[in-house]
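Written below as structure tokens is the structure these notes are about.
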Amino acid sequence: MDRLGSRCPLPGSLRPSVLTCLLILTASFVSYPMLRTLSLQLHSAVTGSYVSGTYSVVFVNCPNEQIAREIARAVLDKKLAASVNILPKASSLYFWNGEIEEATEILLLIKTKTSKVHMLSGYIRLVHPFEIPEVFSLPVDQGDVRYFKWLEEGMEED
């Protein structure tokens, strides 16, 4: 009977190896974004080439130019991006509360590292006056490596 109990653990008790596997799996998921960023930076440094998707352009609509400028400056001050274009007077048509609405908005094009998009989106949701601000990103597939180096330098912490 004792031998049977040692080979077949009681229900609800996990073997140490299962716990170890769960810990490793959890640590992998938590550290993946950081490890991916580090590996992409290493690859770029060694090869001198750009790895697709390392940087992104984030689109954000704003109700007026003053708010657009305030958000752009705050994003740059917090090193969440290296560059922001403010494109004036975009005509927008959209559904809101079951009705078609029409407005003139200002569009921000924010250039950042893909690894910072989540933090940037969260920050914009906090400071943006719209209930549901338009915030989405597209990864950059190709571009000038010198420009990407400049972007990187613009987001370095002091």
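Every chain in the structure tokens has a letter given in the order shown (A, B, ...), and although residue numbers restart at 1 in each chain, ligands are simply numbered from 1 in the order shown.
Close contacts of region 131-139 of chain A, defined as residues with an atom at most 7 Å away when counting only C-alpha atoms, with chain neighbours fewer than 4 positions off set aside, comprise Gly53, Tyr55, Ser56, Val57, Val58, Phe59, Val60, Asn61, Thr114, Ser121 and Arg125 of chain A.
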Where does DSSP see strand (DSSP E) in chain A, if you list the residues as a ChimeraX atom specification?
/A:55-62,83-96,99-113,135-139
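Closest approach to His128 (chain A) among A:Met155, A:Val46, A:Ile71, A:Cys21: A:Ile71, based on only C-alpha atoms.
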Using only C-alpha atoms, which of A:Leu80, A:Ile106, A:Met34, A:Leu25 sits nearest Asn64 (chain A)?
A:Ile106
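Using only C-alpha atoms, the shortest contact distance between Glu152 (chain A) and any of A:Leu108, A:Phe130, A:Ser28, A:Thr54 is found at A:Thr54.
Nearest to Tyr123 (chain A) of all the residues A:Ala72, A:Pro33, A:Trp96, A:Glu153 is A:Ala72, based on only C-alpha atoms.
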Give me, please, the distance in Å between CA of Glu101 (chain A) and CA of Val75 (chain A), quoted to one decimal.
28.3 Å
With only C-alpha atoms as the basis for distance, which of A:Arg69, A:Leu22, A:Val140, A:Val145 is at the shortest distance from Ser52 (chain A)?
A:Val140
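Residues surrounding Leu151 (chain A) within 8 Å are Ala81, Ala82, Ser83, Lys111 and Thr112 of chain A [only C-alpha atoms; sequence separation below 5 positions excluded].
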